[in-house]
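Structure file model.csv (CSV, C-alpha atoms) is printed below.
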chain,number,residue,atom,x,y,z
K,1,MET,CA,189.0,-51.9,254.3
K,2,ASN,CA,189.5,-53.2,257.7
K,3,GLY,CA,186.1,-54.8,258.1
K,4,GLN,CA,186.4,-56.4,261.5
K,5,ALA,CA,184.4,-59.1,263.1
K,6,ILE,CA,182.8,-58.2,266.4
K,7,GLY,CA,182.2,-61.0,268.7
K,8,GLN,CA,180.0,-63.3,266.6
K,9,GLY,CA,179.9,-60.7,263.7
K,10,VAL,CA,177.6,-57.9,262.6
K,11,THR,CA,174.0,-58.1,261.6
K,12,LEU,CA,171.8,-56.0,259.3
K,13,ILE,CA,168.2,-55.8,260.5
K,14,VAL,CA,165.7,-54.7,258.0
K,15,THR,CA,162.3,-53.5,259.3
K,16,ILE,CA,159.4,-52.6,257.0
K,17,VAL,CA,156.4,-51.1,258.7
K,18,GLU,CA,153.5,-48.8,257.8
K,19,ARG,CA,154.3,-45.2,257.1
K,20,GLY,CA,154.7,-43.2,260.3
K,21,ALA,CA,155.6,-46.1,262.5
K,22,GLY,CA,159.4,-46.1,261.8
K,23,ARG,CA,160.2,-43.6,264.5
K,24,ALA,CA,158.5,-45.6,267.2
K,25,VAL,CA,160.3,-48.8,266.0
K,26,GLN,CA,163.7,-47.0,266.0
K,27,LYS,CA,163.1,-45.7,269.6
K,28,LEU,CA,162.2,-49.2,270.7
K,29,TYR,CA,165.4,-50.7,269.0
K,30,THR,CA,167.6,-48.0,270.6
K,31,LYS,CA,166.1,-48.7,274.0
K,32,ASN,CA,167.1,-52.3,273.5
K,33,GLY,CA,170.7,-51.6,272.6
K,34,VAL,CA,170.5,-51.3,268.8
K,35,ASP,CA,171.1,-47.6,267.9
K,36,MET,CA,172.7,-47.4,264.5
K,37,HIS,CA,169.9,-46.8,261.9
K,38,PHE,CA,169.1,-45.5,258.5
K,39,GLN,CA,165.4,-44.7,257.8
K,40,CYS,CA,164.0,-44.7,254.2
K,41,ALA,CA,160.6,-44.3,252.7
K,42,GLY,CA,159.1,-46.9,250.4
K,43,ARG,CA,155.9,-48.1,248.8
K,44,GLY,CA,154.7,-51.7,248.7
K,45,THR,CA,153.4,-53.3,245.5
K,46,ALA,CA,151.5,-56.3,246.9
K,47,SER,CA,147.8,-56.9,246.4
K,48,SER,CA,145.4,-55.9,249.1
K,49,GLU,CA,145.0,-59.6,250.1
K,50,VAL,CA,148.8,-59.9,250.6
K,51,LEU,CA,148.9,-56.6,252.5
K,52,ASP,CA,146.2,-57.9,254.9
K,53,LEU,CA,148.2,-61.2,255.3
K,54,LEU,CA,151.4,-59.3,256.2
K,55,GLY,CA,149.5,-56.9,258.5
K,56,PHE,CA,149.8,-53.8,256.4
K,57,GLY,CA,146.8,-51.4,256.1
K,58,THR,CA,148.3,-49.2,253.4
K,59,PRO,CA,151.0,-49.5,250.7
K,60,GLU,CA,153.1,-46.6,252.2
K,61,ARG,CA,156.2,-47.9,254.1
K,62,ASP,CA,158.9,-46.8,256.5
K,63,ILE,CA,162.0,-48.9,256.0
K,64,LEU,CA,164.5,-49.0,258.8
K,65,LEU,CA,168.0,-50.4,258.2
K,66,SER,CA,169.7,-51.2,261.5
K,67,LEU,CA,173.2,-52.3,262.1
K,68,ALA,CA,174.2,-54.1,265.3
K,69,ALA,CA,176.8,-56.5,266.8
K,70,ALA,CA,175.3,-60.0,266.3
K,71,PRO,CA,174.7,-60.6,270.1
K,72,ALA,CA,172.7,-57.4,270.4
K,73,ALA,CA,170.8,-58.2,267.2
K,74,ASN,CA,170.0,-61.7,268.5
K,75,VAL,CA,168.6,-60.4,271.8
K,76,LEU,CA,166.5,-57.8,270.0
K,77,LEU,CA,165.1,-60.3,267.5
K,78,TYR,CA,164.3,-62.7,270.3
K,79,GLU,CA,162.4,-60.0,272.2
K,80,LEU,CA,160.5,-59.0,269.0
K,81,CYS,CA,159.4,-62.5,268.6
K,82,HIS,CA,157.8,-62.4,272.0
K,83,GLU,CA,156.6,-59.2,273.7
K,84,GLN,CA,158.6,-56.2,272.4
K,85,HIS,CA,156.8,-55.9,269.1
K,86,ARG,CA,153.6,-54.9,270.9
K,87,ALA,CA,155.4,-52.0,272.5
K,88,ALA,CA,156.2,-50.6,269.0
K,89,ARG,CA,152.5,-50.7,268.0
K,90,ALA,CA,153.7,-51.2,264.4
K,91,LYS,CA,152.5,-53.6,261.7
K,92,GLY,CA,155.0,-55.0,259.3
K,93,ILE,CA,157.9,-57.5,258.9
K,94,VAL,CA,161.4,-57.8,260.2
K,95,PHE,CA,164.3,-59.9,258.8
K,96,SER,CA,168.1,-60.0,259.3
K,97,ALA,CA,171.2,-61.0,257.4
K,98,PRO,CA,174.9,-61.3,258.6
K,99,LEU,CA,177.3,-58.8,257.1
K,100,THR,CA,180.5,-60.0,255.4
K,101,ALA,CA,182.4,-56.7,256.0
K,102,MET,CA,182.2,-53.3,257.5
K,103,ASN,CA,184.5,-50.3,257.9
K,104,ASN,CA,186.5,-50.5,261.1
K,105,LEU,CA,185.4,-47.2,262.7
K,106,ALA,CA,181.7,-47.9,262.2
K,107,ALA,CA,182.2,-51.4,263.6
K,108,ALA,CA,183.9,-50.0,266.6
K,109,VAL,CA,180.9,-47.8,267.4
K,110,LEU,CA,178.7,-51.0,267.3
K,111,ALA,CA,181.1,-52.7,269.7
K,112,GLY,CA,181.1,-49.8,272.1
K,113,GLY,CA,184.8,-49.0,271.8
K,114,MET,CA,187.7,-47.7,269.7
K,115,PRO,CA,189.0,-49.6,266.7
K,116,PRO,CA,191.8,-52.1,267.6
K,117,ARG,CA,195.3,-50.9,266.8
K,118,ASN,CA,195.9,-53.9,264.5
K,119,GLY,CA,193.0,-52.8,262.3
K,120,GLY,CA,190.7,-55.7,263.1
K,121,LYS,CA,190.0,-58.9,261.3
K,122,LYS,CA,188.4,-59.2,257.9
K,123,MET,CA,185.1,-61.1,257.6
K,124,GLN,CA,185.1,-63.9,255.2
K,125,ASP,CA,182.4,-65.4,252.9
K,126,GLU,CA,182.2,-67.9,250.1
K,127,LYS,CA,179.4,-66.3,248.0
K,128,GLN,CA,180.1,-65.3,244.5
K,129,TYR,CA,178.3,-61.9,244.7
K,130,SER,CA,177.9,-59.4,247.5
K,131,LEU,CA,175.6,-56.4,248.1
K,132,ILE,CA,177.7,-53.4,249.2
K,133,LEU,CA,175.8,-50.7,251.1
K,134,ALA,CA,177.4,-47.3,251.4
K,135,ALA,CA,175.6,-44.6,253.3
K,136,VAL,CA,177.1,-41.2,252.4
K,137,ASN,CA,176.2,-37.5,252.9
K,138,GLN,CA,174.0,-35.9,250.3
K,139,GLY,CA,176.0,-34.4,247.5
K,140,CYS,CA,178.8,-36.9,247.8
K,141,THR,CA,177.3,-39.8,245.8
K,142,GLU,CA,179.0,-39.0,242.5
K,143,MET,CA,182.5,-38.8,243.9
K,144,VAL,CA,181.9,-42.0,245.9
K,145,MET,CA,180.6,-43.8,242.8
K,146,LYS,CA,183.6,-42.6,240.8
K,147,THR,CA,185.9,-44.2,243.3
K,148,ALA,CA,183.8,-47.4,243.3
K,149,ARG,CA,183.8,-47.6,239.5
K,150,ALA,CA,187.6,-47.2,239.4
K,151,ALA,CA,187.9,-50.1,241.8
K,152,GLY,CA,185.7,-52.4,239.7
K,153,ALA,CA,182.0,-51.5,240.4
K,154,ARG,CA,179.8,-51.5,237.3
K,155,GLY,CA,177.1,-49.2,238.8
K,156,GLY,CA,174.8,-48.6,241.8
K,157,THR,CA,171.4,-47.7,243.0
K,158,VAL,CA,170.8,-44.6,245.2
K,159,ILE,CA,168.1,-44.4,247.9
K,160,ARG,CA,167.4,-41.3,250.0
K,161,ALA,CA,167.6,-41.9,253.7
K,162,ARG,CA,168.1,-40.3,257.1
K,163,TRP,CA,170.6,-41.1,259.8
K,164,THR,CA,168.8,-41.6,263.0
K,165,GLY,CA,171.4,-43.2,265.3
K,166,ALA,CA,174.2,-40.6,265.5
K,167,GLU,CA,174.3,-40.4,269.3
K,168,SER,CA,176.5,-43.4,269.8
K,169,ALA,CA,179.0,-42.3,267.2
K,170,GLU,CA,179.3,-38.9,268.8
K,171,ALA,CA,179.7,-40.4,272.3
K,172,PHE,CA,182.6,-42.7,271.2
K,173,HIS,CA,184.4,-40.9,268.5
K,174,GLY,CA,183.4,-37.2,268.5
K,175,ILE,CA,181.8,-37.5,265.1
K,176,THR,CA,178.9,-35.3,264.2
K,177,LEU,CA,177.1,-37.0,261.3
K,178,GLN,CA,174.9,-35.2,258.8
K,179,SER,CA,171.4,-36.5,259.1
K,180,GLU,CA,170.4,-36.4,255.4
K,181,LYS,CA,172.0,-39.4,253.7
K,182,GLU,CA,172.0,-41.2,250.4
K,183,LEU,CA,172.3,-45.0,250.5
K,184,ILE,CA,174.2,-46.5,247.6
K,185,ALA,CA,173.6,-50.1,246.8
K,186,ILE,CA,176.2,-51.9,244.7
K,187,VAL,CA,176.1,-55.5,243.6
K,188,ALA,CA,179.7,-56.7,243.1
K,189,GLU,CA,181.5,-59.9,242.3
K,190,LYS,CA,183.6,-61.4,245.1
K,191,ALA,CA,186.7,-60.7,243.1
K,192,VAL,CA,186.3,-56.9,243.2
K,193,ARG,CA,184.2,-56.5,246.4
K,194,ALA,CA,187.2,-56.1,248.7
K,195,ALA,CA,188.9,-53.6,246.3
K,196,ILE,CA,185.7,-51.5,246.2
K,197,LEU,CA,185.3,-51.5,250.0
K,198,GLU,CA,189.0,-50.6,250.5
K,199,ALA,CA,189.0,-47.8,248.0
K,200,VAL,CA,185.7,-46.1,249.1
K,201,ASN,CA,186.7,-46.4,252.8
K,202,ALA,CA,190.2,-45.0,252.2
K,203,GLN,CA,188.9,-41.9,250.3
K,204,HIS,CA,185.4,-41.4,251.7
K,205,GLY,CA,185.3,-43.0,255.2
K,206,LEU,CA,183.7,-41.7,258.4
K,207,ARG,CA,186.3,-39.0,258.9
K,208,SER,CA,186.0,-37.6,255.3
K,209,GLU,CA,183.5,-35.2,253.7
K,210,ALA,CA,181.3,-38.1,252.6
K,211,GLU,CA,181.3,-39.7,256.1
K,212,ALA,CA,180.6,-43.1,254.5
K,213,VAL,CA,179.3,-46.0,256.6
K,214,LEU,CA,180.1,-49.2,254.6
K,215,CYS,CA,179.0,-52.7,254.9
K,216,SER,CA,178.4,-55.7,252.7
K,217,LEU,CA,176.5,-59.0,252.8
K,218,ALA,CA,176.6,-62.1,250.7
K,219,LEU,CA,173.8,-62.7,248.1
K,220,GLU,CA,172.4,-66.2,248.0
K,221,GLN,CA,171.5,-65.8,244.3
K,222,TYR,CA,172.1,-63.2,241.6
K,223,PHE,CA,171.2,-63.1,237.9
K,224,PRO,CA,170.3,-60.3,235.4
K,225,LEU,CA,166.8,-60.0,234.0
K,226,GLY,CA,165.9,-59.3,230.4
Take the structure in the file and give it back as structure tokens.
Amino acid sequence: MNGQAIGQGVTLIVTIVERGAGRAVQKLYTKNGVDMHFQCAGRGTASSEVLDLLGFGTPERDILLSLAAAPAANVLLYELCHEQHRAARAKGIVFSAPLTAMNNLAAAVLAGGMPPRNGGKKMQDEKQYSLILAAVNQGCTEMVMKTARAAGARGGTVIRARWTGAESAEAFHGITLQSEKELIAIVAEKAVRAAILEAVNAQHGLRSEAEAVLCSLALEQYFPLG
């Protein structure tokens, strides 16, 4: 997979807010130049005391996964730390992590242009394990996982999500993305990560039936339980 670095890289922004506030946060982010999002529903498990500490009133959550070129993400996060969070009128938490790879066409959307003819540069990391995230159209999960397993993946976790940032993709590449998505999370060793990304992108990338958006980030620690 031609996972290209854009400027200073690509950032995943994870926003967890009270149920119903996700749309307002997404609109605020889009207004500030971050417009590639996947929205999921979740439920917190913290005690009422911890919920109060974090600013949550109820355990129901909207989870927003946003992808942005690092400079745009940095500007947004700076604004959130100051005044912009008030405009969203949402209670919750925000955190970010740098990506180690992303499929080239999706990365080009973030950069605001077409993919370079040379395919772009691969992002590098030294971590032993990575989290691969593949957002695919509903109904395509099984065939994508079949490809991933053939390339070395042991398994994955599927989360229902909605694509809420398709406007930029349509504007730059003429792509009409299905709104209902399934987010596949795969933990992979560094030795097979690249092979999984390459295989899934080659067979199920943005211009395929699955319309997969792929990215990965390095894990600080990983160990099995039980």
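Here atom CA of Gln26 of chain K is placed at a distance of 9.5 Å from atom CA of Leu65 of chain K.
Checking K:Ser179, K:Asn32, K:Gln39, K:Thr147 one by one against Arg19 of chain K, counting all atoms listed in the file, you find the shortest gap at K:Gln39.
Atom CA of Glu182 of chain K is positioned 20.3 Å from atom CA of Val17 of chain K.
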**Q.** Spatial neighbours of Met145 of chain K, max dist 9 Å, all atoms listed in the file, sep filter under 6 positions, as a ChimeraX atom specification
**A.** /K:153,155-156,184,200
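Closest to Leu77 of chain K among K:Ala107, K:Ala134, K:Cys40, K:Val14 is K:Val14, based on only C-alpha atoms.
Pairwise distance (atom CA of Asn104 of chain K, atom CA of Ile13 of chain K) equals 19.1 Å.
Compared by their closest atoms to Tyr129 of chain K, and using all atoms listed in the file, the residues K:Asn74, K:Ser216, K:Ser66, K:Ser208 rank with K:Ser216 nearest.
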Q: Using all atoms listed in the file, pick whichever of K:Pro98, K:Ala212, K:Ile159, K:Gln128 has the shortest atom-to-atom distance to Ala188 of chain K.
A: K:Gln128
Please provide as an mmCIF file with C-alpha atoms, in the frame of the given file all residues within 10 Å of Val144 of chain K, with the sequence filter that same-chain residues fewer than 2 positions apart are discarded (counting all atoms listed in the file).
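Saved result, result-v2.cif, follows:
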data_model
loop_
_atom_site.group_PDB
_atom_site.id
_atom_site.type_symbol
_atom_site.label_atom_id
_atom_site.label_comp_id
_atom_site.auth_asym_id
_atom_site.auth_seq_id
_atom_site.Cartn_x
_atom_site.Cartn_y
_atom_site.Cartn_z
ATOM 1 C CA ALA K 134 177.400 -47.300 251.400
ATOM 2 C CA VAL K 136 177.100 -41.200 252.400
ATOM 3 C CA GLY K 139 176.000 -34.400 247.500
ATOM 4 C CA CYS K 140 178.800 -36.900 247.800
ATOM 5 C CA THR K 141 177.300 -39.800 245.800
ATOM 6 C CA GLU K 142 179.000 -39.000 242.500
ATOM 7 C CA LYS K 146 183.600 -42.600 240.800
ATOM 8 C CA THR K 147 185.900 -44.200 243.300
ATOM 9 C CA ALA K 148 183.800 -47.400 243.300
ATOM 10 C CA ARG K 149 183.800 -47.600 239.500
ATOM 11 C CA ILE K 184 174.200 -46.500 247.600
ATOM 12 C CA ALA K 199 189.000 -47.800 248.000
ATOM 13 C CA VAL K 200 185.700 -46.100 249.100
ATOM 14 C CA ASN K 201 186.700 -46.400 252.800
ATOM 15 C CA GLN K 203 188.900 -41.900 250.300
ATOM 16 C CA HIS K 204 185.400 -41.400 251.700
ATOM 17 C CA GLY K 205 185.300 -43.000 255.200
ATOM 18 C CA ALA K 210 181.300 -38.100 252.600
ATOM 19 C CA ALA K 212 180.600 -43.100 254.500
#
Q: Return the single residue from K:Ala150, K:Leu76, K:Pro71, K:Leu177 that is closest to Arg207 of chain K, with distances computed using only C-alpha atoms.
A: K:Leu177
Q.
Show me the residues close to (171.6, -56.6, 259.7) - anything with an atom within 12 Å, counting all atoms listed in the file - and format the list as number ranges by chain.
A. K: 9-15, 34, 36-38, 64-74, 76-77, 94-102, 110, 133, 215-218
Take the residues that were just selected and, keeping C-alpha atoms, output them as a PDB file, in the frame of the given file.
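Final output, saved to out02.pdb:
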ATOM      1  CA  GLY K   9     179.900 -60.700 263.700  1.00  0.00           C
ATOM      2  CA  VAL K  10     177.600 -57.900 262.600  1.00  0.00           C
ATOM      3  CA  THR K  11     174.000 -58.100 261.600  1.00  0.00           C
ATOM      4  CA  LEU K  12     171.800 -56.000 259.300  1.00  0.00           C
ATOM      5  CA  ILE K  13     168.200 -55.800 260.500  1.00  0.00           C
ATOM      6  CA  VAL K  14     165.700 -54.700 258.000  1.00  0.00           C
ATOM      7  CA  THR K  15     162.300 -53.500 259.300  1.00  0.00           C
ATOM      8  CA  VAL K  34     170.500 -51.300 268.800  1.00  0.00           C
ATOM      9  CA  MET K  36     172.700 -47.400 264.500  1.00  0.00           C
ATOM     10  CA  HIS K  37     169.900 -46.800 261.900  1.00  0.00           C
ATOM     11  CA  PHE K  38     169.100 -45.500 258.500  1.00  0.00           C
ATOM     12  CA  LEU K  64     164.500 -49.000 258.800  1.00  0.00           C
ATOM     13  CA  LEU K  65     168.000 -50.400 258.200  1.00  0.00           C
ATOM     14  CA  SER K  66     169.700 -51.200 261.500  1.00  0.00           C
ATOM     15  CA  LEU K  67     173.200 -52.300 262.100  1.00  0.00           C
ATOM     16  CA  ALA K  68     174.200 -54.100 265.300  1.00  0.00           C
ATOM     17  CA  ALA K  69     176.800 -56.500 266.800  1.00  0.00           C
ATOM     18  CA  ALA K  70     175.300 -60.000 266.300  1.00  0.00           C
ATOM     19  CA  PRO K  71     174.700 -60.600 270.100  1.00  0.00           C
ATOM     20  CA  ALA K  72     172.700 -57.400 270.400  1.00  0.00           C
ATOM     21  CA  ALA K  73     170.800 -58.200 267.200  1.00  0.00           C
ATOM     22  CA  ASN K  74     170.000 -61.700 268.500  1.00  0.00           C
ATOM     23  CA  LEU K  76     166.500 -57.800 270.000  1.00  0.00           C
ATOM     24  CA  LEU K  77     165.100 -60.300 267.500  1.00  0.00           C
ATOM     25  CA  VAL K  94     161.400 -57.800 260.200  1.00  0.00           C
ATOM     26  CA  PHE K  95     164.300 -59.900 258.800  1.00  0.00           C
ATOM     27  CA  SER K  96     168.100 -60.000 259.300  1.00  0.00           C
ATOM     28  CA  ALA K  97     171.200 -61.000 257.400  1.00  0.00           C
ATOM     29  CA  PRO K  98     174.900 -61.300 258.600  1.00  0.00           C
ATOM     30  CA  LEU K  99     177.300 -58.800 257.100  1.00  0.00           C
ATOM     31  CA  THR K 100     180.500 -60.000 255.400  1.00  0.00           C
ATOM     32  CA  ALA K 101     182.400 -56.700 256.000  1.00  0.00           C
ATOM     33  CA  MET K 102     182.200 -53.300 257.500  1.00  0.00           C
ATOM     34  CA  LEU K 110     178.700 -51.000 267.300  1.00  0.00           C
ATOM     35  CA  LEU K 133     175.800 -50.700 251.100  1.00  0.00           C
ATOM     36  CA  CYS K 215     179.000 -52.700 254.900  1.00  0.00           C
ATOM     37  CA  SER K 216     178.400 -55.700 252.700  1.00  0.00           C
ATOM     38  CA  LEU K 217     176.500 -59.000 252.800  1.00  0.00           C
ATOM     39  CA  ALA K 218     176.600 -62.100 250.700  1.00  0.00           C
TER      40      ALA K 218
END
